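A quick write-up on the structure given underneath.
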Amino acid sequence: NDDSQKDDNTSDSKKPRSKVQEITQDMEQDPTVPEISPETVPGAVENATPGQKPYQHQGLKKEVYRKLPKVIRKKPKKKQAELNAAAASASASAVGVSNGCCGGKNKPEGDESTGCCGGKYKESNNNSGDDGSSAHHGCACSSSASVGAHAPTLAKLDPSLLPILSEPIKVFYSTITGTAKLFAQQLVDSAVALGLQEPKLIDIVDYDTEDFLTESSLCIFILSTYNVEGPNDWFLKWLEDTRFDWRVQKESLNNLKFSVFGLGDSAYGDDFCNGPRSADKWLGQMGAQRVWPFGEGDKNGDQGGAYKQWNDALLSSLMDPTQSHVHEAYFSSDDEDGASASEHDDDDVDEDGEPVRKTKEEKLGLPKIDGGDASEGEMVDLEDMGNVARKITQAKEDKALDEEAFANQKVRAKRAIGETKDGKAIKPREVREMVSPLLYKSLTKQGYKIIGSHSGVKICRWTKAALRGRGFCYKHSFYGIQSHLCMETTPSLACANKCVFCWRHHTNPVGTEWRWKVDDPEFILEGALENHYGMLKQLKGVPGVRADRFVEATQVKHCALSLVGEPIFYPHINEFVKLLHKKRISSFLVTNAQFPEAIANMDPVTQLYVSVDASTKESLKKIDRPLFRDFWERFLDSLDALGKKGQRTVYRLTLVKDFNTDEIANYVELIRRGQPDFIEIKGVTYCGYGGASGLTMANVPYHAEVVRFVELIQEQLGAGYEIAAEHAHSCSILVASTKFKKGDKWYTHIDYDKFFELVESGEKFTSLDYMAETPSWAYFGSPEGGFDPEETRYFRKSKEQRKAERDRREEDE
Ligand SMILES: Cc1cc2nc3c(=O)[nH]c(=O)nc-3n(C[C@H](O)[C@H](O)[C@H](O)COP(=O)(O)O)c2cc1C
Ligand code: SF4
């Protein structure tokens, strides 16, 4: 994924040129721009430190520095106020934040061709014409075509600010779908075009957060927002913990200069850009100096445009001394109460215009109470005393609440950071754990047991039904698995997709490569079994649990590696499967077809599944929302890899109405490509998706619709595949290769003992070596519809039925 992004980013033809890039590149290519000597730029020499070349001092590349236009060289010495006003106007026009008028600089005497108003527009205060009317529509300088004329602004370097740029800027980004990285790259490009040393582009997850404590370069953060486990989490947690850790000094980041841009989606309401906003706030509160205000881009609006404007404004301000008023406002750190510069609106200014910080009492309109030495003007009228007393009580309560909140934060930080016995802080882990405390809470609430740091186990509803003799899942009809003997687990809760129908509602972590701590396979299996048995034990007292089933269930015979996430992602998946087989536990492994190499390297499993959630690139992108850019190639390669496996292979198709139910011919092509032994087709199950998926009950197909889809697939596939079995109860249908049919009998079931023998033998074997006969009740179209007649069919009663039953009982009594 990273490589493909690199390719994209280095392809010049694809890259749009930013405005600042255009300016500098045009300047470089313009033969009319004379070569100049660095010494001619005002301030450059006087402010250079000994041994530094002027262009180094200014943080510029030599060759660009030498091409600075004449206008800068010959700048007449003006009063600072005049210079500020002219450059502020020009600079603003370069970033498109003001009226865009150059103040007349673009209109050489007698030349009407430039479209420049000659400075009238500027004078007319942005909107009204020079005659005072509103008919004036502005100066043509504000059009992008003439922006080049404002290039000189970018060279107005303030030596007092240049130390910020004397070392490369660091551009940190956090992204899942790549936009933040793209924006970060734009910043790098713009800075390079301006002749600055090439900024360092850094993925926030690759940076040791502790290093921010000693970081002295200018750090720009371009952060996307995720309400699920995301690349920002570690950084945000570190910021929050450090901010509220009483052992860490309040001004711990005062070497750091920064600015933050957040990417988000306003559809998330109050959570819009909340992570980046917090980062901006906490950085400021810890003494870091904000060089440019927080910016944000809404996915729901013109995110790219907003970013570009922020990017250009930031760079222009860095390069422009006349923006020092901005720097003064934002260059200072946030105050000790944690309020940022923008939160001081209600502070007064003294006679010199300097802000005067009000005390809490003053903000509440209370008189100054400082030991009774009140001046006349501060005397309190007796009649006001009641009012004052109330306000004092209120202020005290506020303070108590603030202190309590802070104390709580401290306790939280202590727990999160941890201490050694002698009170020293434990350094945060080098490699983070996949399951964050928040995710842990969410998963355990949903009934998962978490093993170690990245694995989970859960009892499925069919296991509970089987214990009560109320039937088994579709795997019983298709392959002979009894649900109470089956354990559902995953060694990786993370995966590389964000499928719309993901039943975890996107609480599971995502990633394209393993970047977490890795647990030992033996530890995971032992932990999974222990937790599975523990959960079973709790079912002992449930009414209807059959003793024989309960005893049988104490020996797991099957393992479904399909719970959530991507099991093949786990680096030791082969060892894990080997351990299962050693315990004579069969392995059904489901992968989402994004890791073809892992599929190729996979040792034999009892049955290997690939989820085929869509049949075209577009619909796969829409449904699986993969993280990999080359997801489609990965998907096809995975199908090819599957086709080369010797053991039983399965395509799993989940039908989502209006998403993936129309593309029959494409599915047929994919089936021909991977030649799976079986194709399981089922309708999506509705589990209250909401949120990001946008799925509703209307996307759940009826059983008849699933049957129709399967019939069409089978028709187009022609010879070689037939509809073999069904489990009407869960709306699942099995299409099987006719290799598994002898005469009119199907052999879709599995001889598990034979499978273990084959594995132990170490010899090569195929799916045909361990097949077993399918019972007739499982056949497609059988009266039982795939429900084992030995079991008791239990129909869930509707609310009305339950009420009617209750009423009847009451009447009987
Ligand atoms: C699963 C998911 C969760 C998201 N959560 C939030 C959120 O809580 N707040 C927000 O403002 N945006 C949220 N977004 C929107 C992203 O932040 C936005 O699309 C952003 O542009 C993605 O940037 P990236 O491409 O760099 O990853 C979410 C997006 C997804 C897919
Ligand atoms: S592959 Fe599975 S776990 Fe991953 S997002 Fe899709 S449904 Fe969820």
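By order of appearance in the structure tokens: chains A, B, ..., then residues from 1 within every chain, and ligands from 1 in the order shown.
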
If the limit is 8 Å from any atom of ligand 1, counting only C-alpha atoms and all ligand atoms, which residues qualify? Return them as a PyMOL selection string.
chain A and resi 173-182+223-228+263-269+271-275+297-299+303+498+506+692

Tell me which protein, DNA and RNA residues are within 6 Å of Leu253 in chain A, counting only C-alpha atoms, leaving out same-chain ones fewer than 2 positions away, and put them as number ranges by chain.
A: 213, 251, 255-256, 286-288

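The shell of residues at most 12 Å from Gly762 in chain A, with only C-alpha atoms counted and near chain neighbours (fewer than 4 positions) removed, consists of Asp603, Pro604, Phe755, Phe756, Glu757 and Leu758 of chain A.
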
Show me which residues sit within 6 Å of ligand 2 when counting only C-alpha atoms and all ligand atoms, and put them as a PDB file with N, CA and C atoms, in the first residue's frame.
ATOM      1  N   CYS A 495      -8.254  -6.037  10.809  1.00  0.00           N
ATOM      2  CA  CYS A 495      -8.284  -6.459   9.420  1.00  0.00           C
ATOM      3  C   CYS A 495      -8.017  -5.250   8.519  1.00  0.00           C
ATOM      4  N   ASN A 497     -10.018  -4.127   6.010  1.00  0.00           N
ATOM      5  CA  ASN A 497     -11.230  -3.600   5.375  1.00  0.00           C
ATOM      6  C   ASN A 497     -12.090  -2.878   6.405  1.00  0.00           C
ATOM      7  N   LYS A 498     -13.036  -2.136   5.889  1.00  0.00           N
ATOM      8  CA  LYS A 498     -14.053  -1.561   6.782  1.00  0.00           C
ATOM      9  C   LYS A 498     -15.414  -1.859   6.156  1.00  0.00           C
ATOM     10  N   CYS A 499     -15.730  -3.151   6.032  1.00  0.00           N
ATOM     11  CA  CYS A 499     -16.919  -3.583   5.299  1.00  0.00           C
ATOM     12  C   CYS A 499     -18.193  -2.914   5.819  1.00  0.00           C
ATOM     13  N   CYS A 502     -19.951  -5.007   8.326  1.00  0.00           N
ATOM     14  CA  CYS A 502     -19.165  -5.536   9.446  1.00  0.00           C
ATOM     15  C   CYS A 502     -20.019  -5.463  10.709  1.00  0.00           C
ATOM     16  N   VAL A 564     -14.155 -12.233  13.755  1.00  0.00           N
ATOM     17  CA  VAL A 564     -14.088 -10.829  13.352  1.00  0.00           C
ATOM     18  C   VAL A 564     -12.619 -10.590  13.007  1.00  0.00           C
ATOM     19  N   GLY A 565     -12.351  -9.613  12.177  1.00  0.00           N
ATOM     20  CA  GLY A 565     -10.959  -9.337  11.827  1.00  0.00           C
ATOM     21  C   GLY A 565     -10.442 -10.260  10.744  1.00  0.00           C
ATOM     22  N   ASN A 592     -10.368 -12.315   4.058  1.00  0.00           N
ATOM     23  CA  ASN A 592     -11.112 -11.358   3.235  1.00  0.00           C
ATOM     24  C   ASN A 592     -10.403 -11.007   1.927  1.00  0.00           C
TER      25      ASN A 592
END

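By chain and then residue number, the residues within 12 Å of Leu536 in chain A are Val457, Lys458, Ile459, Cys460, Arg461, Thr463, Lys464, Ala466, Leu467, His484, Leu485, Cys486, Met487, Leu529, Glu530, Asn531, Gly541, Val542, Val545, Arg549, Phe550, Val551, Glu552, Ala553, Thr554, Gln555 and Val556 of chain A, counting only C-alpha atoms and disregarding those fewer than 5 positions away in sequence.
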
Apply DSSP to the structure's backbone, then extract all residues of range 533-589 of chain A labelled helix (DSSP H, G or I) and return them as a list of chain:residue names.
A:Tyr533, A:Gly534, A:Met535, A:Leu536, A:Lys537, A:Ala547, A:Asp548, A:Arg549, A:Phe550, A:Val551, A:Glu552, A:Pro567, A:Ile568, A:Phe569, A:Ile573, A:Asn574, A:Glu575, A:Phe576, A:Val577, A:Lys578, A:Leu579, A:Leu580, A:His581, A:Lys582

Output of the above residues as a short mmCIF file (atom, residue, chain, number, x, y, z; two decimals), in the first residue's frame, restricted to C-alpha atoms:
data_model
loop_
_atom_site.label_atom_id
_atom_site.label_comp_id
_atom_site.auth_asym_id
_atom_site.auth_seq_id
_atom_site.Cartn_x
_atom_site.Cartn_y
_atom_site.Cartn_z
CA TYR A 533 -14.90 -23.50 28.36
CA GLY A 534 -15.38 -20.78 30.96
CA MET A 535 -18.25 -19.30 28.96
CA LEU A 536 -19.78 -22.75 28.42
CA LYS A 537 -19.71 -23.40 32.16
CA ALA A 547 -26.50 -32.89 29.96
CA ASP A 548 -25.15 -35.13 27.15
CA ARG A 549 -24.47 -32.12 24.95
CA PHE A 550 -22.94 -30.27 27.86
CA VAL A 551 -20.45 -33.09 28.49
CA GLU A 552 -19.64 -33.39 24.77
CA PRO A 567 -7.00 -14.37 11.02
CA ILE A 568 -4.48 -14.73 8.21
CA PHE A 569 -3.06 -11.35 9.27
CA ILE A 573 -1.14 -18.34 11.78
CA ASN A 574 0.50 -21.53 10.47
CA GLU A 575 1.80 -22.45 13.93
CA PHE A 576 -1.62 -21.72 15.39
CA VAL A 577 -3.37 -24.03 12.91
CA LYS A 578 -0.76 -26.73 13.51
CA LEU A 579 -1.53 -26.59 17.24
CA LEU A 580 -5.25 -26.98 16.50
CA HIS A 581 -4.66 -30.06 14.34
CA LYS A 582 -2.38 -31.55 16.98
#

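Proximity of A:Ser767, A:Gln647, A:Thr444, A:Ser587 to Thr489 in chain A, computed with only C-alpha atoms, is greatest for A:Ser587.
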
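Excluding range 510-512 of chain A itself and same-chain residues fewer than 2 positions from it, the residues having an atom within 8 Å of it are Asn1, Ile176, Glu229, Gly230, Ala494, Cys495, Ala496, Asn497, Lys498, Asn508, Trp514, Arg515, Leu627 and Phe628 of chain A, counting only C-alpha atoms.
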
Could you pull out all residues of range 223-327 of chain A with a DSSP call of strand (DSSP E) and give them as an MDAnalysis selection string?
chainID A and resid 223:224 257:264 289:290 295:298

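Atom pair CA of Gly786 in chain A / CA of Ser477 in chain A has a distance of 5.5 Å (rounded to one decimal).
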
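Neighbours of His572 in chain A closer than or equal to 10 Å, with only C-alpha atoms counted and sequence neighbours fewer than 5 positions away skipped, come out as Pro491, Val518, Asp519, Asp520, Pro521, Pro567 and Val577 of chain A.
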
Using only C-alpha atoms, which residues sit within 10 Å of Gly295 in chain A once same-chain residues fewer than 5 positions away are excluded, as a ChimeraX atom specification?
/A:222,259-263,273,276-277,280,306-307,309-311,314

Can you spit out the residues from that selection as a PDB file, in the first residue's frame, using N, CA and C atoms?
ATOM      1  N   ILE A 222      -0.953  16.943  10.383  1.00  0.00           N
ATOM      2  CA  ILE A 222      -2.121  16.832   9.509  1.00  0.00           C
ATOM      3  C   ILE A 222      -2.792  15.512   9.876  1.00  0.00           C
ATOM      4  N   SER A 259       1.620  23.559  14.292  1.00  0.00           N
ATOM      5  CA  SER A 259       0.298  23.933  13.798  1.00  0.00           C
ATOM      6  C   SER A 259      -0.423  22.645  13.427  1.00  0.00           C
ATOM      7  N   VAL A 260      -1.741  22.631  13.599  1.00  0.00           N
ATOM      8  CA  VAL A 260      -2.500  21.395  13.353  1.00  0.00           C
ATOM      9  C   VAL A 260      -3.583  21.644  12.308  1.00  0.00           C
ATOM     10  N   PHE A 261      -3.721  20.697  11.385  1.00  0.00           N
ATOM     11  CA  PHE A 261      -4.859  20.696  10.458  1.00  0.00           C
ATOM     12  C   PHE A 261      -5.592  19.377  10.663  1.00  0.00           C
ATOM     13  N   GLY A 262      -6.900  19.455  10.861  1.00  0.00           N
ATOM     14  CA  GLY A 262      -7.686  18.240  11.085  1.00  0.00           C
ATOM     15  C   GLY A 262      -8.542  17.890   9.877  1.00  0.00           C
ATOM     16  N   LEU A 263      -8.600  16.600   9.574  1.00  0.00           N
ATOM     17  CA  LEU A 263      -9.505  16.123   8.521  1.00  0.00           C
ATOM     18  C   LEU A 263     -10.642  15.381   9.207  1.00  0.00           C
ATOM     19  N   CYS A 273     -13.886  16.309  13.719  1.00  0.00           N
ATOM     20  CA  CYS A 273     -12.485  16.697  13.945  1.00  0.00           C
ATOM     21  C   CYS A 273     -12.107  16.757  15.427  1.00  0.00           C
ATOM     22  N   PRO A 276      -8.122  15.851  16.252  1.00  0.00           N
ATOM     23  CA  PRO A 276      -7.173  16.918  15.918  1.00  0.00           C
ATOM     24  C   PRO A 276      -7.375  18.177  16.776  1.00  0.00           C
ATOM     25  N   ARG A 277      -8.642  18.503  17.073  1.00  0.00           N
ATOM     26  CA  ARG A 277      -8.901  19.692  17.908  1.00  0.00           C
ATOM     27  C   ARG A 277      -8.264  19.517  19.284  1.00  0.00           C
ATOM     28  N   ASP A 280      -4.527  19.930  19.102  1.00  0.00           N
ATOM     29  CA  ASP A 280      -4.162  21.351  19.033  1.00  0.00           C
ATOM     30  C   ASP A 280      -4.242  21.970  20.426  1.00  0.00           C
ATOM     31  N   ALA A 306     -10.180  23.626   1.417  1.00  0.00           N
ATOM     32  CA  ALA A 306      -9.907  24.172   2.752  1.00  0.00           C
ATOM     33  C   ALA A 306      -8.455  23.906   3.127  1.00  0.00           C
ATOM     34  N   TYR A 307      -8.006  22.710   2.784  1.00  0.00           N
ATOM     35  CA  TYR A 307      -6.622  22.395   3.131  1.00  0.00           C
ATOM     36  C   TYR A 307      -5.653  23.309   2.382  1.00  0.00           C
ATOM     37  N   GLN A 309      -6.011  26.214   1.175  1.00  0.00           N
ATOM     38  CA  GLN A 309      -6.019  27.578   1.696  1.00  0.00           C
ATOM     39  C   GLN A 309      -5.178  27.666   2.982  1.00  0.00           C
ATOM     40  N   TRP A 310      -5.377  26.667   3.843  1.00  0.00           N
ATOM     41  CA  TRP A 310      -4.627  26.642   5.108  1.00  0.00           C
ATOM     42  C   TRP A 310      -3.132  26.466   4.835  1.00  0.00           C
ATOM     43  N   ASN A 311      -2.819  25.544   3.939  1.00  0.00           N
ATOM     44  CA  ASN A 311      -1.432  25.235   3.574  1.00  0.00           C
ATOM     45  C   ASN A 311      -0.720  26.501   3.082  1.00  0.00           C
ATOM     46  N   LEU A 314      -0.420  29.219   5.836  1.00  0.00           N
ATOM     47  CA  LEU A 314       0.624  28.859   6.802  1.00  0.00           C
ATOM     48  C   LEU A 314       2.005  29.209   6.251  1.00  0.00           C
TER      49      LEU A 314
END

Proximity to Phe258 in chain A - best of A:Ile169, A:Ile202, A:Ala191, A:Leu443, only C-alpha atoms
A:Ile169

Quote the spacing between CA of Glu513 in chain A and CA of Met602 in chain A in Å to one decimal place.
17.1 Å

With only C-alpha atoms as the basis for distance, which of A:Glu663, A:Glu526, A:Glu488, A:Glu210 is at the shortest distance from Trp238 in chain A?
A:Glu210
